[in-house]
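**Q** Structure file start.pdb (PDB, C-alpha atoms) is given on the next line.
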```pdb
ATOM      1  CA  ASN A   1       0.000   0.000   0.000
ATOM      2  CA  TYR A   2       1.231   3.498  -0.905
ATOM      3  CA  SER A   3      -0.025   6.762   0.543
ATOM      4  CA  ARG A   4      -1.651   9.348  -1.704
ATOM      5  CA  LEU A   5       1.042  11.857  -0.657
ATOM      6  CA  PHE A   6       3.769   9.479  -1.881
ATOM      7  CA  ILE A   7       2.063   8.990  -5.253
ATOM      8  CA  ALA A   8       1.558  12.759  -5.682
ATOM      9  CA  LEU A   9       5.189  13.553  -4.774
ATOM     10  CA  TYR A  10       6.427  10.720  -7.010
ATOM     11  CA  PHE A  11       4.810  12.208 -10.116
ATOM     12  CA  ILE A  12       5.685  15.824  -9.233
ATOM     13  CA  ILE A  13       9.360  15.021  -8.609
ATOM     14  CA  GLY A  14       9.397  12.696 -11.632
ATOM     15  CA  ALA A  15       8.064  15.425 -13.930
ATOM     16  CA  PHE A  16      11.051  17.642 -13.064
ATOM     17  CA  SER A  17      13.779  15.006 -12.675
ATOM     18  CA  ILE A  18      12.961  13.214 -15.950
ATOM     19  CA  SER A  19      12.986  16.520 -17.887
ATOM     20  CA  ILE A  20      16.360  17.504 -16.383
ATOM     21  CA  ALA A  21      17.836  14.023 -16.916
ATOM     22  CA  LYS A  22      16.619  14.052 -20.523
ATOM     23  CA  ARG A  23      18.601  17.234 -21.253
ATOM     24  CA  PHE A  24      21.835  15.774 -19.850
ATOM     25  CA  VAL A  25      21.396  12.446 -21.657
ATOM     26  CA  LYS A  26      20.565  14.123 -24.996
ATOM     27  CA  LYS A  27      23.545  16.472 -24.690
ATOM     28  CA  ALA A  28      25.876  13.537 -24.041
ATOM     29  CA  LEU A  29      24.469  11.457 -26.912
ATOM     30  CA  PHE A  30      24.334  14.302 -29.444
ATOM     31  CA  SER A  31      27.977  15.149 -28.742
ATOM     32  CA  LEU A  32      28.697  11.913 -30.656
ATOM     33  CA  SER A  33      28.100  12.243 -34.398
ATOM     34  CA  PHE A  34      26.633   8.717 -34.500
ATOM     35  CA  PHE A  35      23.493   9.872 -32.654
ATOM     36  CA  SER A  36      23.001  13.116 -34.597
ATOM     37  CA  LYS A  37      20.566  13.178 -37.503
ATOM     38  CA  LYS A  38      22.048  14.339 -40.787
ATOM     39  CA  VAL A  39      20.072  16.941 -42.723
ATOM     40  CA  LEU A  40      20.237  18.030 -46.363
ATOM     41  CA  LEU A  41      19.288  21.706 -46.780
ATOM     42  CA  VAL A  42      17.851  22.766 -50.143
ATOM     43  CA  GLY A  43      16.623  26.136 -51.419
ATOM     44  CA  ASN A  44      16.939  29.743 -50.275
ATOM     45  CA  GLU A  45      20.451  30.644 -49.090
ATOM     46  CA  GLU A  46      19.267  33.062 -46.393
ATOM     47  CA  GLN A  47      16.968  30.501 -44.773
ATOM     48  CA  ILE A  48      19.619  27.785 -45.120
ATOM     49  CA  ASN A  49      22.206  29.914 -43.268
ATOM     50  CA  THR A  50      19.680  30.605 -40.516
ATOM     51  CA  LEU A  51      19.004  26.874 -40.154
ATOM     52  CA  LYS A  52      22.740  26.072 -40.115
ATOM     53  CA  ASN A  53      23.285  28.521 -37.248
ATOM     54  CA  GLU A  54      20.336  27.020 -35.374
ATOM     55  CA  PHE A  55      21.745  23.495 -35.746
ATOM     56  CA  GLU A  56      25.141  24.643 -34.420
ATOM     57  CA  GLU A  57      23.832  26.717 -31.512
ATOM     58  CA  ASN A  58      20.874  24.552 -30.449
ATOM     59  CA  TRP A  59      22.439  21.211 -29.508
ATOM     60  CA  TYR A  60      19.072  19.972 -28.218
ATOM     61  CA  LEU A  61      17.868  19.431 -31.798
ATOM     62  CA  GLY A  62      20.584  16.865 -32.487
ATOM     63  CA  LEU A  63      20.770  17.916 -36.156
ATOM     64  CA  LYS A  64      23.803  18.329 -38.408
ATOM     65  CA  GLU A  65      24.003  19.502 -42.020
ATOM     66  CA  SER A  66      25.202  16.933 -44.540
ATOM     67  CA  LYS A  67      25.298  17.073 -48.338
ATOM     68  CA  SER A  68      26.042  13.397 -48.989
ATOM     69  CA  SER A  69      24.242  10.897 -46.750
ATOM     70  CA  TYR A  70      21.231  12.272 -44.862
ATOM     71  CA  ASP A  71      18.182  11.232 -42.822
ATOM     72  CA  LYS A  72      16.137  14.382 -43.359
ATOM     73  CA  VAL A  73      15.615  16.923 -46.121
ATOM     74  CA  ILE A  74      14.531  20.493 -45.403
ATOM     75  CA  ILE A  75      13.348  22.599 -48.348
ATOM     76  CA  ALA A  76      13.705  26.328 -47.644
ATOM     77  CA  SER A  77      10.975  27.659 -49.934
ATOM     78  CA  LYS A  78      11.577  31.416 -49.736
ATOM     79  CA  ASP A  79      11.929  32.988 -53.238
ATOM     80  CA  MET A  80      11.318  29.585 -54.871
ATOM     81  CA  SER A  81       8.647  29.286 -57.569
ATOM     82  CA  THR A  82       5.729  26.889 -57.121
ATOM     83  CA  LYS A  83       7.143  24.779 -59.953
ATOM     84  CA  ASP A  84      10.560  24.477 -58.272
ATOM     85  CA  ILE A  85       9.007  23.554 -54.915
ATOM     86  CA  ASN A  86       6.862  20.834 -56.507
ATOM     87  CA  GLU A  87       9.856  19.441 -58.379
ATOM     88  CA  GLN A  88      11.956  19.301 -55.200
ATOM     89  CA  ILE A  89       9.117  17.606 -53.309
ATOM     90  CA  SER A  90       8.644  15.010 -56.056
ATOM     91  CA  THR A  91      12.381  14.277 -56.117
ATOM     92  CA  PHE A  92      12.830  13.718 -52.381
ATOM     93  CA  LEU A  93       9.526  11.922 -51.769
ATOM     94  CA  ASN A  94      10.951   9.062 -53.824
ATOM     95  CA  GLU A  95      13.780   8.696 -51.317
ATOM     96  CA  LYS A  96      13.509   7.023 -47.913
ATOM     97  CA  CYS A  97      13.971  10.172 -45.856
ATOM     98  CA  GLU A  98      11.938  12.623 -43.788
ATOM     99  CA  LEU A  99      10.884  15.685 -45.804
ATOM    100  CA  TYR A 100      10.164  19.124 -44.308
ATOM    101  CA  ILE A 101       9.237  22.396 -45.989
ATOM    102  CA  VAL A 102      10.046  25.795 -44.438
ATOM    103  CA  PRO A 103       7.301  28.250 -45.521
ATOM    104  CA  TYR A 104       8.329  31.521 -47.121
ATOM    105  CA  ILE A 105       5.949  33.283 -44.691
ATOM    106  CA  THR A 106       8.099  33.744 -41.562
ATOM    107  CA  ASN A 107       5.983  36.032 -39.352
ATOM    108  CA  ILE A 108       3.341  33.385 -38.584
ATOM    109  CA  ASN A 109       3.858  30.354 -36.338
ATOM    110  CA  PHE A 110       1.892  27.641 -38.144
ATOM    111  CA  VAL A 111       2.147  25.328 -35.107
ATOM    112  CA  ASN A 112      -0.832  27.224 -33.679
ATOM    113  CA  SER A 113      -2.805  27.062 -36.938
ATOM    114  CA  THR A 114      -5.624  24.724 -37.950
ATOM    115  CA  ILE A 115      -5.653  23.167 -41.430
ATOM    116  CA  MET A 116      -9.027  22.822 -43.142
ATOM    117  CA  GLU A 117      -9.308  20.244 -45.941
ATOM    118  CA  TYR A 118     -11.583  20.698 -48.947
ATOM    119  CA  SER A 119     -11.202  17.176 -50.304
ATOM    120  CA  ASN A 120     -13.492  17.544 -53.346
ATOM    121  CA  ILE A 121     -11.264  20.193 -54.886
ATOM    122  CA  ARG A 122      -7.999  19.022 -53.232
ATOM    123  CA  TYR A 123      -7.435  22.377 -51.479
ATOM    124  CA  ASN A 124      -6.201  23.068 -47.968
ATOM    125  CA  ALA A 125      -6.887  26.276 -46.045
ATOM    126  CA  ILE A 126      -4.646  27.331 -43.139
ATOM    127  CA  GLN A 127      -6.368  29.265 -40.379
ATOM    128  CA  VAL A 128      -4.348  32.318 -39.251
ATOM    129  CA  GLU A 129      -5.367  34.649 -36.427
ATOM    130  CA  ASN A 130      -3.882  37.431 -34.309
ATOM    131  CA  ARG A 131      -3.836  35.383 -31.116
ATOM    132  CA  LEU A 132      -3.358  38.212 -28.636
ATOM    133  CA  LEU A 133      -6.484  40.029 -29.832
ATOM    134  CA  ILE A 134      -8.804  37.102 -29.032
ATOM    135  CA  THR A 135     -10.933  37.810 -25.928
ATOM    136  CA  LYS A 136     -10.388  34.354 -24.383
ATOM    137  CA  ASN A 137      -6.601  34.687 -24.677
ATOM    138  CA  LEU A 138      -6.663  38.199 -23.186
ATOM    139  CA  TRP A 139      -8.491  36.905 -20.109
ATOM    140  CA  LEU A 140      -6.035  34.015 -19.728
ATOM    141  CA  LYS A 141      -3.109  36.412 -19.933
ATOM    142  CA  LEU A 142      -4.717  38.833 -17.445
ATOM    143  CA  ILE A 143      -5.317  36.092 -14.844
ATOM    144  CA  PHE A 144      -1.749  34.796 -15.305
ATOM    145  CA  ASP A 145      -0.332  38.330 -14.836
ATOM    146  CA  LYS A 146      -2.327  39.100 -11.686
ATOM    147  CA  LEU A 147      -1.568  35.762  -9.993
ATOM    148  CA  PHE A 148       2.148  35.968 -10.763
ATOM    149  CA  ALA A 149       2.394  39.595  -9.587
ATOM    150  CA  MET A 150       0.588  38.790  -6.312
ATOM    151  CA  LEU A 151       2.892  35.822  -5.657
ATOM    152  CA  LEU A 152       5.988  37.978  -6.146
ATOM    153  CA  LEU A 153       4.642  40.972  -4.185
ATOM    154  CA  PRO A 154       6.212  39.955  -0.789
ATOM    155  CA  LEU A 155       9.628  39.515  -2.449
ATOM    156  CA  PHE A 156       9.222  42.858  -4.253
ATOM    157  CA  LEU A 157       8.493  44.680  -0.953
ATOM    158  CA  ILE A 158      11.660  43.270   0.674
ATOM    159  CA  LEU A 159      13.840  44.183  -2.332
ATOM    160  CA  HIS A 160      12.201  47.617  -2.538
ATOM    161  CA  VAL A 161      13.366  48.554   0.968
ATOM    162  CA  VAL A 162      16.980  47.484   0.238
ATOM    163  CA  ILE A 163      17.145  49.123  -3.220
ATOM    164  CA  SER A 164      15.546  52.391  -2.046
ATOM    165  CA  ILE A 165      18.139  52.763   0.746
ATOM    166  CA  ALA A 166      20.999  52.081  -1.720
ATOM    167  CA  ILE A 167      19.675  54.703  -4.193
ATOM    168  CA  LYS A 168      19.299  57.335  -1.447
ATOM    169  CA  PHE A 169      22.856  56.788  -0.178
ATOM    170  CA  ASN A 170      24.372  56.940  -3.679
ATOM    171  CA  SER A 171      22.767  60.158  -4.957
ATOM    172  CA  LYS A 172      20.150  62.787  -4.127
ATOM    173  CA  GLY A 173      16.573  62.388  -5.332
ATOM    174  CA  ASP A 174      13.556  60.088  -5.198
ATOM    175  CA  SER A 175      13.848  56.301  -5.357
ATOM    176  CA  PHE A 176      11.277  56.062  -8.140
ATOM    177  CA  PHE A 177      11.567  57.336 -11.687
ATOM    178  CA  LYS A 178       8.199  58.031 -13.292
ATOM    179  CA  GLN A 179       7.781  58.607 -17.009
ATOM    180  CA  PRO A 180       4.797  58.699 -19.406
ATOM    181  CA  ARG A 181       4.866  55.729 -21.794
ATOM    182  CA  LEU A 182       2.657  54.443 -24.615
ATOM    183  CA  GLY A 183       0.172  51.829 -23.445
ATOM    184  CA  LYS A 184      -2.634  49.804 -24.975
ATOM    185  CA  ASP A 185      -4.366  51.546 -27.908
ATOM    186  CA  GLY A 186      -1.783  54.352 -27.747
ATOM    187  CA  SER A 187      -3.051  55.707 -24.413
ATOM    188  CA  GLU A 188      -0.407  57.159 -22.097
ATOM    189  CA  PHE A 189       0.303  55.815 -18.613
ATOM    190  CA  ILE A 190       2.906  56.499 -15.916
ATOM    191  CA  CYS A 191       5.581  53.793 -16.011
ATOM    192  CA  TYR A 192       7.479  53.142 -12.759
ATOM    193  CA  LYS A 193      11.172  52.319 -12.554
ATOM    194  CA  TYR A 194      13.894  52.811  -9.966
ATOM    195  CA  ARG A 195      15.887  55.987 -10.517
ATOM    196  CA  THR A 196      19.233  55.086 -12.058
ATOM    197  CA  MET A 197      20.390  58.585 -13.098
ATOM    198  CA  TYR A 198      21.591  61.763 -11.426
ATOM    199  CA  GLU A 199      19.018  64.516 -10.927
ATOM    200  CA  ASN A 200      20.814  66.913 -13.322
ATOM    201  CA  SER A 201      20.978  64.187 -16.002
ATOM    202  CA  ASP A 202      20.004  66.445 -18.944
ATOM    203  CA  GLU A 203      22.865  68.829 -18.261
ATOM    204  CA  ILE A 204      25.343  65.938 -17.936
ATOM    205  CA  LEU A 205      24.124  64.379 -21.206
ATOM    206  CA  GLN A 206      24.403  67.587 -23.260
ATOM    207  CA  LYS A 207      28.035  68.041 -22.205
ATOM    208  CA  TYR A 208      28.800  64.399 -22.987
ATOM    209  CA  LEU A 209      27.205  64.477 -26.487
ATOM    210  CA  LYS A 210      29.209  67.569 -27.452
ATOM    211  CA  LEU A 211      32.393  65.636 -26.698
ATOM    212  CA  ASN A 212      31.099  62.342 -28.205
ATOM    213  CA  PRO A 213      28.972  63.096 -31.319
ATOM    214  CA  GLU A 214      29.132  59.442 -32.464
ATOM    215  CA  GLU A 215      26.773  58.603 -29.592
ATOM    216  CA  VAL A 216      23.983  60.539 -31.372
ATOM    217  CA  ILE A 217      24.254  58.210 -34.410
ATOM    218  CA  TYR A 218      24.320  55.131 -32.151
ATOM    219  CA  TYR A 219      21.176  56.298 -30.347
ATOM    220  CA  ASP A 220      19.309  56.810 -33.642
ATOM    221  CA  ILE A 221      19.890  53.134 -34.497
ATOM    222  CA  PHE A 222      19.568  51.359 -31.137
ATOM    223  CA  HIS A 223      17.743  53.938 -28.972
ATOM    224  CA  LYS A 224      20.474  53.452 -26.347
ATOM    225  CA  TYR A 225      23.820  55.078 -25.614
ATOM    226  CA  LYS A 226      27.013  53.005 -25.565
ATOM    227  CA  SER A 227      28.124  54.648 -22.337
ATOM    228  CA  ASP A 228      25.537  56.800 -20.559
ATOM    229  CA  PRO A 229      27.218  59.390 -18.243
ATOM    230  CA  ARG A 230      23.923  60.098 -16.483
ATOM    231  CA  VAL A 231      23.810  56.681 -14.799
ATOM    232  CA  THR A 232      24.862  56.397 -11.138
ATOM    233  CA  LYS A 233      26.973  53.546  -9.692
ATOM    234  CA  VAL A 234      23.931  51.944  -8.085
ATOM    235  CA  GLY A 235      22.024  52.636 -11.307
ATOM    236  CA  LYS A 236      24.568  50.652 -13.365
ATOM    237  CA  PHE A 237      24.075  47.663 -11.083
ATOM    238  CA  LEU A 238      20.290  47.953 -11.208
ATOM    239  CA  ARG A 239      20.326  48.159 -15.010
ATOM    240  CA  SER A 240      22.769  45.288 -15.506
ATOM    241  CA  THR A 241      20.599  43.054 -13.304
ATOM    242  CA  SER A 242      17.308  44.530 -14.642
ATOM    243  CA  LEU A 243      16.272  45.277 -11.034
ATOM    244  CA  ASP A 244      15.469  48.858 -12.088
ATOM    245  CA  GLU A 245      12.298  47.504 -13.726
ATOM    246  CA  LEU A 246      10.906  45.789 -10.607
ATOM    247  CA  PRO A 247       8.482  48.678  -9.812
ATOM    248  CA  GLN A 248       6.632  47.830 -13.007
ATOM    249  CA  PHE A 249       4.893  45.144 -10.935
ATOM    250  CA  ILE A 250       2.870  48.109  -9.650
ATOM    251  CA  ASN A 251       1.866  48.807 -13.275
ATOM    252  CA  ILE A 252       0.723  45.179 -13.618
ATOM    253  CA  LEU A 253      -1.452  45.438 -10.510
ATOM    254  CA  LYS A 254      -2.871  48.722 -11.805
ATOM    255  CA  GLY A 255      -3.664  47.083 -15.161
ATOM    256  CA  ASP A 256      -1.344  49.262 -17.268
ATOM    257  CA  MET A 257       1.121  46.497 -18.178
ATOM    258  CA  SER A 258       1.507  42.735 -18.571
ATOM    259  CA  LEU A 259       4.239  40.465 -17.322
ATOM    260  CA  VAL A 260       5.268  39.592 -20.901
ATOM    261  CA  GLY A 261       4.672  41.818 -23.925
ATOM    262  CA  PRO A 262       6.199  44.553 -26.096
ATOM    263  CA  ARG A 263       8.409  47.037 -24.277
ATOM    264  CA  PRO A 264       6.661  50.222 -23.079
ATOM    265  CA  TYR A 265       7.710  52.733 -25.727
ATOM    266  CA  MET A 266       8.408  56.366 -24.937
ATOM    267  CA  CYS A 267       5.812  58.851 -26.198
ATOM    268  CA  SER A 268       8.453  60.437 -28.446
ATOM    269  CA  GLU A 269       8.916  57.091 -30.248
ATOM    270  CA  SER A 270       5.329  56.995 -31.538
ATOM    271  CA  LYS A 271       6.235  58.375 -34.981
ATOM    272  CA  LYS A 272       9.248  56.105 -35.352
ATOM    273  CA  LEU A 273       7.013  53.059 -34.827
ATOM    274  CA  GLY A 274       5.226  54.034 -38.066
ATOM    275  CA  HIS A 275       2.631  51.527 -39.290
ATOM    276  CA  ASN A 276       3.925  48.968 -36.754
ATOM    277  CA  GLN A 277       2.132  50.802 -33.968
ATOM    278  CA  ASN A 278      -1.179  49.523 -35.385
ATOM    279  CA  VAL A 279      -0.147  46.078 -34.095
ATOM    280  CA  ILE A 280       2.251  46.801 -31.200
ATOM    281  CA  LEU A 281      -0.022  49.287 -29.427
ATOM    282  CA  LYS A 282      -3.039  46.969 -29.639
ATOM    283  CA  VAL A 283      -1.816  45.126 -26.528
ATOM    284  CA  LYS A 284      -0.428  46.057 -23.117
ATOM    285  CA  PRO A 285       3.345  46.495 -22.877
ATOM    286  CA  GLY A 286       5.310  44.040 -20.708
ATOM    287  CA  ILE A 287       8.115  44.008 -18.154
ATOM    288  CA  THR A 288       9.913  41.404 -20.253
ATOM    289  CA  GLY A 289       9.390  40.094 -23.765
ATOM    290  CA  LEU A 290      10.804  38.359 -26.804
ATOM    291  CA  TRP A 291      13.157  41.298 -27.465
ATOM    292  CA  GLN A 292      14.828  40.992 -24.048
ATOM    293  CA  VAL A 293      15.606  37.281 -24.502
ATOM    294  CA  SER A 294      16.645  37.532 -28.169
ATOM    295  CA  GLY A 295      19.563  39.923 -28.101
ATOM    296  CA  ARG A 296      18.229  42.961 -26.242
ATOM    297  CA  ASN A 297      20.521  45.972 -26.794
ATOM    298  CA  HIS A 298      22.381  44.204 -29.612
ATOM    299  CA  LEU A 299      19.273  44.482 -31.816
ATOM    300  CA  THR A 300      18.224  47.525 -33.824
ATOM    301  CA  PHE A 301      14.954  49.362 -33.247
ATOM    302  CA  LYS A 302      13.510  47.779 -36.405
ATOM    303  CA  GLU A 303      14.511  44.240 -35.358
ATOM    304  CA  ARG A 304      12.942  44.856 -31.977
ATOM    305  CA  ASN A 305       9.657  45.865 -33.650
ATOM    306  CA  GLU A 306       9.672  42.725 -35.814
ATOM    307  CA  LEU A 307      10.157  40.450 -32.794
ATOM    308  CA  GLU A 308       7.346  42.122 -30.872
ATOM    309  CA  ILE A 309       4.934  41.858 -33.810
ATOM    310  CA  TRP A 310       5.792  38.159 -34.167
ATOM    311  CA  TYR A 311       5.079  37.657 -30.438
ATOM    312  CA  ILE A 312       1.676  39.360 -30.657
ATOM    313  CA  LYS A 313       0.567  37.388 -33.720
ATOM    314  CA  ASN A 314       1.726  34.039 -32.332
ATOM    315  CA  TRP A 315       1.057  34.395 -28.600
ATOM    316  CA  SER A 316       0.413  31.440 -26.321
ATOM    317  CA  LEU A 317       0.557  30.951 -22.552
ATOM    318  CA  TRP A 318       3.427  28.507 -23.118
ATOM    319  CA  THR A 319       5.348  31.211 -25.028
ATOM    320  CA  ASP A 320       4.979  33.538 -22.024
ATOM    321  CA  PHE A 321       6.274  30.814 -19.708
ATOM    322  CA  VAL A 322       9.308  30.127 -21.951
ATOM    323  CA  ILE A 323      10.118  33.857 -22.154
ATOM    324  CA  LEU A 324       9.932  34.152 -18.344
ATOM    325  CA  VAL A 325      12.329  31.213 -17.912
ATOM    326  CA  LYS A 326      14.712  32.671 -20.505
ATOM    327  CA  THR A 327      14.468  36.085 -18.791
ATOM    328  CA  ILE A 328      15.871  34.559 -15.591
ATOM    329  CA  LYS A 329      18.865  33.238 -17.573
ATOM    330  CA  VAL A 330      19.364  36.594 -19.359
ATOM    331  CA  VAL A 331      19.216  38.518 -16.061
ATOM    332  CA  LEU A 332      21.609  36.187 -14.237
ATOM    333  CA  LEU A 333      24.138  36.209 -17.104
ATOM    334  CA  LYS A 334      23.525  39.950 -17.788
ATOM    335  CA  VAL A 335      23.106  39.216 -21.514
ATOM    336  CA  GLY A 336      22.828  42.419 -23.564
ATOM    337  CA  ALA A 337      22.363  44.585 -20.441
ATOM    338  CA  HIS A 338      23.647  48.177 -20.284
TER
END
```
Kindly present the structure from the file in C-alpha cells form.
**A**
Amino acid sequence: NYSRLFIALYFIIGAFSISIAKRFVKKALFSLSFFSKKVLLVGNEEQINTLKNEFEENWYLGLKESKSSYDKVIIASKDMSTKDINEQISTFLNEKCELYIVPYITNINFVNSTIMEYSNIRYNAIQVENRLLITKNLWLKLIFDKLFAMLLLPLFLILHVVISIAIKFNSKGDSFFKQPRLGKDGSEFICYKYRTMYENSDEILQKYLKLNPEEVIYYDIFHKYKSDPRVTKVGKFLRSTSLDELPQFINILKGDMSLVGPRPYMCSESKKLGHNQNVILKVKPGITGLWQVSGRNHLTFKERNELEIWYIKNWSLWTDFVILVKTIKVVLLKVGAH
C-alpha cells in the first residue's frame, strides 16, 4: 500500500527530474556524431544559413548539415517558384527520408494554426489569427499576470526597501523614476522604474554628447547610448541586473502592463514606430518580452519591432512561460544589459 502523498510527490518530482535528466542524456548522446541526424538543406540561401546557425547553436535538436548521406531533407521555400518547390518535393519523396518544408511566410507560427481540408477540390486552407487580440486569450493572460504579480509581491516589498536605501545613499533624489509611456491603444500611462540617473541628467548628457557626437548616431539606431554618463553607480548595477524595472509590478497590478509583452515605448517614439504601432499598441506592454531574450541591446529598433509583432501574432501561454524562464537566464548572465 502506498499513501496518496507518496504517489503525488512521485509524479511531481518525476516530472522535473525526468525533464532535467533528458537534457543531460541528450547532450551527451548528441555530442557523438553517431546519434546526430544528418540533414540536407535545399533552397533559399538566407533561410539555409539561418538553419545552419540554429543546428550549431541549439544542440538539443541533435541535427547536423550533410550534403552526402542524410536522414532528413529540409526545403527552404523562400523565393522559390511553385514549380521548383513541386519538383523538389517530387524528387525527395521518392527517397527514404523525412521531408520538411520551411514556408516563405516567416511572421506566422503555423504550429498554432488549424488546417481545413476541402477534399473535393484538393485544397487546404490554413487558419491564421492574431492570437493576442482574441478575448479568451486576453483573459487568460490577465489572470496569469495578476496571480504571478501577487505571488511575487512579498519579495518585491523586501527588495524595494533594500534598493531604495541604496539609491538614497548613492545620490540625491527620489527612489522612483516616473515617465509617461505608450500603453494599450496608444493611451499614455505612468511607467514606474527605480531611478538610475543623477538629478541633473540632462545637463550631464548635453556636455557628454558635445564631446562624443558618435553617440547621437548610435542612439538613432539602437535607442540606447554606448556609455551613458547620467547613470549612477547603483544605477549601473540595477540596469545590468534589470532590477530597475521591478516597480513595473505596480503597473501590472494597476492594469497598465503585462508580465510579458512589447516594451513600453516612450511617447516620443510613436512616430518612429510608423505603421507597426497599429499592431504593437493593440496590446499592453510588458516588463519582459521576446526582445529581451533575443539579443536585447544588440538588436536595432527595427529588429525589436519585428520580434514584438511576431510575439503578438503568435502568442500562447506557453510562449509567455518560456520567455519568463529565458528572462531569468538573461538577467543572471547579464546578456545584452547596459
**Q** Given the file shown, determine the residues that the PyMOL selection byres ((chain A and resi 245-247) around 9) selects; report them as a PyMOL selection string.
**A** chain A and resi 156+159-160+176+191-194+238-239+242-244+248-251+287
**Q** Would you work out the distance separating atom CA of A:Met266 from atom CA of A:Lys236, expressed in Å to one decimal?
**A** 20.7 Å
**Q** Compile the contact shell of stretch 301-313 of chain A as a PyMOL selection string: residues with an atom at most 6 Å away, counting only C-alpha atoms, same-chain residues fewer than 6 positions apart removed.
**A** chain A and resi 107+130-132+222+262+291
**Q** Between atom CA of A:Arg230 and atom CA of A:Ile165, what is the distance in Å, rounded to a tenth?
**A**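 Taking atom CA of A:Arg230 as the start and atom CA of A:Ile165 as the end point, the length is 19.6 Å.
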**Q** In Å, how far is it from atom CA of A:Leu209 to atom CA of A:Lys178?
**A** 24.0 Å
**Q** Ranking A:Leu40, A:Met257, A:Ala15, A:Leu133 by minimum distance to A:Glu65 and counting only C-alpha atoms, which one comes first?
**A** A:Leu40
**Q** Pull the neighbourhood of (10.3, 27.3, -47.7) for me: all residues within 9 Å in file coordinates, counting all atoms listed in the file, as a list in words.
**A** Gly43, Asn44, Gln47, Ile74, Ile75, Ala76, Ser77, Lys78, Asp79, Met80, Ile85, Tyr100, Ile101, Val102, Pro103, Tyr104 and Ile105 of chain A
**Q** Please determine an axis-aligned box that encloses all atoms of stretch 61-75 of chain A listed in the file, with 5 Å added on each side, and express its centre and edge lengths in Å to one decimal as lines of an AutoDock Vina configuration file.
**A**
```
center_x = 19.7
center_y = 16.7
center_z = -40.4
size_x = 22.7
size_y = 21.7
size_z = 27.2
```
**Q** For the structure provided, state which residues fall under the PyMOL selection byres ((chain A and resi 270) around 12), and present them as a ChimeraX atom specification.
**A** /A:181-183,185-188,264-269,271-278,280-281
**Q** Which residue is closest to A:Leu138? Choose from A:Val283, A:Ile108, A:Val216, A:Ile18 and count all atoms listed in the file.
**A**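 Of A:Val283, A:Ile108, A:Val216, A:Ile18, the one nearest A:Leu138, counting all atoms listed in the file, is A:Val283.
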**Q** From the options A:Val231, A:Ile221, A:Leu147, A:Ile7, which residue's atoms come nearest to A:Met197, counting only C-alpha atoms?
**A**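 The closest residue to A:Met197 is A:Val231.
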**Q** Run the PyMOL selection byres ((chain A and resi 324) around 10) mentally over the shown coordinates, then write out the matched residues as a list in words, using the chain letters and numbers from the document.
**A**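 Checked against the file, the PyMOL selection byres ((chain A and resi 324) around 10) matches Leu259, Val260, Thr288, Gly289, Leu290, Val293, Trp318, Thr319, Asp320, Phe321, Val322, Ile323, Val325, Lys326, Thr327, Ile328, Lys329 and Val330 of chain A.
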**Q** Counting only C-alpha atoms, figure out which residue out of A:Lys52, A:Lys96, A:Lys72, A:Lys284 gets nearest to A:Lys141.
**A**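 Ranking A:Lys52, A:Lys96, A:Lys72, A:Lys284 by distance to A:Lys141, first place goes to A:Lys284.
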**Q** For A:Phe55, which residue out of A:Leu317, A:Ile126, A:Leu142, A:Phe30 is the nearest one, using only C-alpha atoms?
**A**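 That would be A:Phe30, the residue with the smallest distance to A:Phe55.
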**Q** Out of A:Tyr2, A:Val161, A:Asp256, A:Lys22, which residue has the shortest atom-to-atom distance to A:Pro180 when counting all atoms listed in the file?
**A**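 Once distances to A:Pro180 are computed over all atoms listed in the file, the minimum belongs to A:Asp256.
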**Q** Hey, can you pull every residue with an atom no more than 8 Å from (-6.9, 26.3, -41.1), using all atoms listed in the file, and send it as a short mmCIF file (atom, residue, chain, number, x, y, z; two decimals) with C-alpha atoms, in the frame of the given file?
**A**
```cif
data_model
loop_
_atom_site.label_atom_id
_atom_site.label_comp_id
_atom_site.auth_asym_id
_atom_site.auth_seq_id
_atom_site.Cartn_x
_atom_site.Cartn_y
_atom_site.Cartn_z
CA SER A 113 -2.80 27.06 -36.94
CA THR A 114 -5.62 24.72 -37.95
CA ILE A 115 -5.65 23.17 -41.43
CA MET A 116 -9.03 22.82 -43.14
CA ASN A 124 -6.20 23.07 -47.97
CA ALA A 125 -6.89 26.28 -46.04
CA ILE A 126 -4.65 27.33 -43.14
CA GLN A 127 -6.37 29.26 -40.38
CA VAL A 128 -4.35 32.32 -39.25
#
```
**Q** Since the input is missing atoms for stretch 187-192 of chain A, could you rebuild it with N, CA, C and O atoms and give the result as an mmCIF file, in the coordinates of the input?
**A**
```
data_model
loop_
_atom_site.group_PDB
_atom_site.id
_atom_site.type_symbol
_atom_site.label_atom_id
_atom_site.label_comp_id
_atom_site.auth_asym_id
_atom_site.auth_seq_id
_atom_site.Cartn_x
_atom_site.Cartn_y
_atom_site.Cartn_z
ATOM 1 N N SER A 187 -2.793 54.843 -25.580
ATOM 2 C CA SER A 187 -3.051 55.707 -24.413
ATOM 3 C C SER A 187 -1.794 55.805 -23.557
ATOM 4 O O SER A 187 -1.015 54.852 -23.463
ATOM 5 N N GLU A 188 -1.586 56.950 -22.930
ATOM 6 C CA GLU A 188 -0.407 57.159 -22.097
ATOM 7 C C GLU A 188 -0.663 56.704 -20.664
ATOM 8 O O GLU A 188 -1.771 56.808 -20.157
ATOM 9 N N PHE A 189 0.372 56.177 -20.023
ATOM 10 C CA PHE A 189 0.303 55.815 -18.613
ATOM 11 C C PHE A 189 1.647 56.128 -17.958
ATOM 12 O O PHE A 189 2.658 56.301 -18.651
ATOM 13 N N ILE A 190 1.662 56.216 -16.637
ATOM 14 C CA ILE A 190 2.906 56.499 -15.916
ATOM 15 C C ILE A 190 3.604 55.178 -15.614
ATOM 16 O O ILE A 190 3.083 54.330 -14.884
ATOM 17 N N CYS A 191 4.783 55.006 -16.191
ATOM 18 C CA CYS A 191 5.581 53.793 -16.011
ATOM 19 C C CYS A 191 6.561 53.995 -14.856
ATOM 20 O O CYS A 191 7.265 55.009 -14.810
ATOM 21 N N TYR A 192 6.606 53.036 -13.938
ATOM 22 C CA TYR A 192 7.479 53.142 -12.759
ATOM 23 C C TYR A 192 8.772 52.361 -12.958
ATOM 24 O O TYR A 192 8.759 51.219 -13.442
#
```
